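In what follows, a structure is listed as structure tokens, so that the remarks can point back to it.
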Amino acid sequence: MKWTPSTVVQKKIWADGLFTLRVTAPEVLPFSAGQFLHLAIVENDERTNRPYSVASPHGEHVDFFIVLVEDGKLTPKLWNLEAGDEIEISERAAGSFTLKKTPDAKHLWLVSTGTGLAPYIAMLRTAEPWQRYEKVIVVHGVRHRSDLAYQEEMDAYREQYGEQFAYIPMLSREDDEHALRGRIPQCLESGELERVAECELNQDQSAILLCGNPAMLDEMESRLGERGMVKHRKKAPGQIVLERYW
Ligand SMILES: Cc1cc2nc3c(=O)[nH]c(=O)nc-3n(C[C@H](O)[C@H](O)[C@H](O)COP(=O)(O)OP(=O)(O)OC[C@H]3O[C@@H](n4cnc5c(N)ncnc54)[C@H](O)[C@@H]3O)c2cc1C
Ligand SMILES: NC(=O)c1ccc[n+]([C@@H]2O[C@H](COP(=O)([O-])OP(=O)(O)OC[C@H]3O[C@@H](n4cnc5c(N)ncnc54)[C@H](OP(=O)(O)O)[C@@H]3O)[C@@H](O)[C@H]2O)c1
């Protein structure tokens, strides 16, 4: 992997341990929304690095939406960074979690838990989802209300795109009148998800991206399978595209 120098421009804290780092990316090669880069910190000649979905399209600066894993190796170091600090960033992005690898459909479902929202932020900031799909539905499942980052940006999409856009926040550990209560697969099973989205999730009308907690991905894949929905492959078209964070 080729490493390039980068400087932290801004650290936005959404909740304790949940943050977005904006860093310079002068030598990062053009990439597609949804792809990931590696971030690295070098200390005592030792480099610690991990992959992160880019939460912005390619540009002079790039954003990363990160959660502090308390006993993790890299995230405590990333959490301690401040504007002006130096890090390293990989030159070339990777991954096929992109709209290019997503089938055409009437409705595009962007389903995430926690920081799995990151690649969707990048995609929503491009013209492609709005041009290709009649309706774009963002589902964000988190533990607490304070974990619902990027709400203002979601409000702005609602304002700009009206009924073409639906944002469905979901809280697993507290009640809120503006969010569904529970986990994503259960809300799919109960019919609540489709009721709030005001459209069906099925193999004829939907393309669905899933990103975040691997247990959510597995459960959703199995429930969508019961509806005849399968992973999308070039040689065997389906409806589901996945990004597994761990
Ligand atoms: C393609 C890809 C893209 C990724 N994009 C992001 C991203 O945009 N934002 C982000 O925060 N992480 C992302 N990750 C996870 C990231 O690479 C690290 O695994 C994570 O930051 C933990 O690193 P660590 O060294 O602190 O913990 P480690 O010492 O490596 O411990 C890893 C453990 O932390 C937990 N964990 C890892 N990531 C998460 C997470 N996001 N949420 C909850 N628990 C987690 C799991 O239990 C995992 O086994 C991505 C991973 C992959 C493979
Ligand atoms: N503000 C923060 O988010 C924050 C801050 C500091 C540190 N941390 C640490 O970061 C780590 C990750 O926390 P996180 O909350 O971002 O991620 P997470 O544990 O993956 O939880 C995110 C959401 O996914 C849900 N989920 C878990 N398993 C699921 C499944 N099988 N199907 C559907 N949904 C499922 C969770 O529900 P449940 O609640 O039911 O599990 C929660 O609503 C933890 O170690 C945490 O202590 C988080």
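Residues in the structure tokens are named by chain (A, B, ... in the order shown) and by number from 1 within that chain; ligands are numbered from 1 in the order shown.
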- Task: Can you pull out every residue within 12 Å of range 214-222 of chain A, counting only C-alpha atoms, but drop anything in the same chain fewer than 6 positions away, and send it as a PyMOL selection string?
- Result: chain A and resi 111-114+116+140-142+183-189+201+208+228-232+238-246
Can I get the selection written as a PDB file, in the first residue's frame, with C-alpha atoms?
ATOM      1  CA  VAL A 111     -29.499   0.596   5.182  1.00  0.00           C
ATOM      2  CA  SER A 112     -26.919   1.046   7.957  1.00  0.00           C
ATOM      3  CA  THR A 113     -26.091   0.620  11.612  1.00  0.00           C
ATOM      4  CA  GLY A 114     -23.719   2.984  13.464  1.00  0.00           C
ATOM      5  CA  GLY A 116     -22.155   2.229   8.428  1.00  0.00           C
ATOM      6  CA  HIS A 140     -29.980   4.376  10.154  1.00  0.00           C
ATOM      7  CA  GLY A 141     -30.092   2.073  13.187  1.00  0.00           C
ATOM      8  CA  VAL A 142     -28.220   3.219  16.312  1.00  0.00           C
ATOM      9  CA  ARG A 183     -33.521  -3.203  15.329  1.00  0.00           C
ATOM     10  CA  ILE A 184     -33.719  -3.027  11.541  1.00  0.00           C
ATOM     11  CA  PRO A 185     -34.518  -6.713  10.798  1.00  0.00           C
ATOM     12  CA  GLN A 186     -37.351  -6.718  13.366  1.00  0.00           C
ATOM     13  CA  CYS A 187     -38.842  -3.540  11.919  1.00  0.00           C
ATOM     14  CA  LEU A 188     -38.686  -5.124   8.465  1.00  0.00           C
ATOM     15  CA  GLU A 189     -40.410  -8.245   9.764  1.00  0.00           C
ATOM     16  CA  LEU A 201     -39.115  -3.740  -0.232  1.00  0.00           C
ATOM     17  CA  ILE A 208     -30.680  -2.522  -1.245  1.00  0.00           C
ATOM     18  CA  GLY A 228     -36.514 -13.928  -3.034  1.00  0.00           C
ATOM     19  CA  MET A 229     -33.842 -11.224  -2.831  1.00  0.00           C
ATOM     20  CA  VAL A 230     -30.179 -12.240  -3.276  1.00  0.00           C
ATOM     21  CA  LYS A 231     -26.720 -10.673  -3.537  1.00  0.00           C
ATOM     22  CA  HIS A 232     -26.146  -8.811  -6.782  1.00  0.00           C
ATOM     23  CA  GLY A 238     -29.746  -9.743  -7.666  1.00  0.00           C
ATOM     24  CA  GLN A 239     -30.789  -6.867  -5.427  1.00  0.00           C
ATOM     25  CA  ILE A 240     -28.395  -6.811  -2.420  1.00  0.00           C
ATOM     26  CA  VAL A 241     -24.942  -5.186  -2.094  1.00  0.00           C
ATOM     27  CA  LEU A 242     -23.022  -5.527   1.209  1.00  0.00           C
ATOM     28  CA  GLU A 243     -20.150  -3.846   3.080  1.00  0.00           C
ATOM     29  CA  ARG A 244     -18.960  -5.751   6.156  1.00  0.00           C
ATOM     30  CA  TYR A 245     -17.082  -3.629   8.727  1.00  0.00           C
ATOM     31  CA  TRP A 246     -15.808  -6.503  10.868  1.00  0.00           C
TER      32      TRP A 246
END
- Given a cut-off of 9 Å, what residues near ligand 1 show up using only C-alpha atoms and all ligand atoms, put as number ranges by chain? A: 18-19, 35-39, 48-55, 64-78, 94-95, 97, 113-119, 211-213, 243-246
- So how many Å separate CA of Glu88 in chain A and CA of Glu153 in chain A, to one decimal? 27.8 Å
- Using only C-alpha atoms, which residues sit within 9 Å of Ser90 in chain A once same-chain residues fewer than 3 positions away are excluded, as a PyMOL selection string? chain A and resi 1-5+27-28+37-40+93
- Task: Just list the residues in range 101-234 of chain A DSSP gives strand (DSSP E) on the backbone, as an MDAnalysis selection string.
- Result: chainID A and resid 107:113 135:142 165:171 180:181 206:212
All helix (DSSP H, G or I) residues (DSSP, backbone) inside range 81-246 of chain A, as a CSV table (one decimal) with C-alpha atoms, in the first residue's frame:
chain,number,residue,atom,x,y,z
A,99,LEU,CA,-23.6,2.7,-7.0
A,100,LYS,CA,-21.8,1.5,-10.1
A,101,LYS,CA,-22.0,-2.1,-8.7
A,114,GLY,CA,-23.7,3.0,13.5
A,115,THR,CA,-20.9,4.4,11.3
A,116,GLY,CA,-22.2,2.2,8.4
A,117,LEU,CA,-23.9,5.4,7.4
A,118,ALA,CA,-20.5,6.8,6.1
A,119,PRO,CA,-20.5,5.5,2.5
A,120,TYR,CA,-24.1,6.7,2.0
A,121,ILE,CA,-23.2,10.2,3.0
A,122,ALA,CA,-20.6,10.1,0.1
A,123,MET,CA,-23.2,8.7,-2.3
A,124,LEU,CA,-26.0,11.2,-1.4
A,128,GLU,CA,-26.2,9.6,-9.2
A,129,PRO,CA,-28.7,8.3,-6.6
A,130,TRP,CA,-31.1,11.1,-7.4
A,131,GLN,CA,-30.8,10.7,-11.1
A,132,ARG,CA,-31.1,6.9,-11.2
A,145,ARG,CA,-30.7,9.4,19.9
A,146,SER,CA,-27.3,11.1,20.3
A,147,ASP,CA,-25.8,8.6,17.9
A,151,GLN,CA,-29.4,14.7,10.9
A,152,GLU,CA,-29.2,18.3,9.5
A,153,GLU,CA,-27.9,16.9,6.2
A,154,MET,CA,-30.8,14.5,6.1
A,155,ASP,CA,-33.2,17.3,6.7
A,156,ALA,CA,-31.6,19.2,3.9
A,157,TYR,CA,-32.2,16.3,1.5
A,158,ARG,CA,-35.8,16.1,2.6
A,159,GLU,CA,-36.1,19.8,1.9
A,160,GLN,CA,-34.4,19.5,-1.5
A,161,TYR,CA,-35.9,16.2,-2.8
A,162,GLY,CA,-39.3,16.0,-1.1
A,163,GLU,CA,-41.0,12.7,-1.6
A,164,GLN,CA,-38.0,11.3,-3.5
A,184,ILE,CA,-33.7,-3.0,11.5
A,185,PRO,CA,-34.5,-6.7,10.8
A,186,GLN,CA,-37.4,-6.7,13.4
A,187,CYS,CA,-38.8,-3.5,11.9
A,188,LEU,CA,-38.7,-5.1,8.5
A,189,GLU,CA,-40.4,-8.2,9.8
A,190,SER,CA,-43.2,-6.3,11.5
A,192,GLU,CA,-43.1,-1.0,10.1
A,193,LEU,CA,-40.1,-0.2,8.0
A,194,GLU,CA,-42.1,-0.3,4.7
A,195,ARG,CA,-45.1,1.5,6.3
A,196,VAL,CA,-42.9,4.4,7.3
A,197,ALA,CA,-41.0,4.4,4.0
A,214,PRO,CA,-22.1,-7.9,10.5
A,215,ALA,CA,-24.9,-9.4,12.5
A,216,MET,CA,-27.3,-6.9,11.0
A,217,LEU,CA,-26.0,-7.8,7.5
A,218,ASP,CA,-26.5,-11.6,8.1
A,219,GLU,CA,-30.0,-11.2,9.6
A,220,MET,CA,-31.1,-8.9,6.8
A,221,GLU,CA,-29.7,-11.1,4.1
A,222,SER,CA,-31.6,-14.0,5.5
A,223,ARG,CA,-34.9,-12.1,5.8
A,224,LEU,CA,-34.5,-10.6,2.3
A,225,GLY,CA,-33.7,-14.1,1.1
- With a distance cut-off of 10 Å and only C-alpha atoms, select the neighbouring residues of Gln205 in chain A, excluding the residue or stretch itself and same-chain residues fewer than 6 positions from it, and output the selection as a count of residues only. 7
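Each of A:Ala127, A:Leu110, A:Val62, A:Ile137 was checked against Pro30 in chain A using only C-alpha atoms; the smallest atom-to-atom distance is that of A:Val62.
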- So how many Å separate atom 6 (C, counted along the ligand's line) of ligand 2 and CA of Asp16 in chain A, to one decimal?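 So the two atoms, atom 6 (C, counted along the ligand's line) of ligand 2 and CA of Asp16 in chain A, lie 5.6 Å apart.
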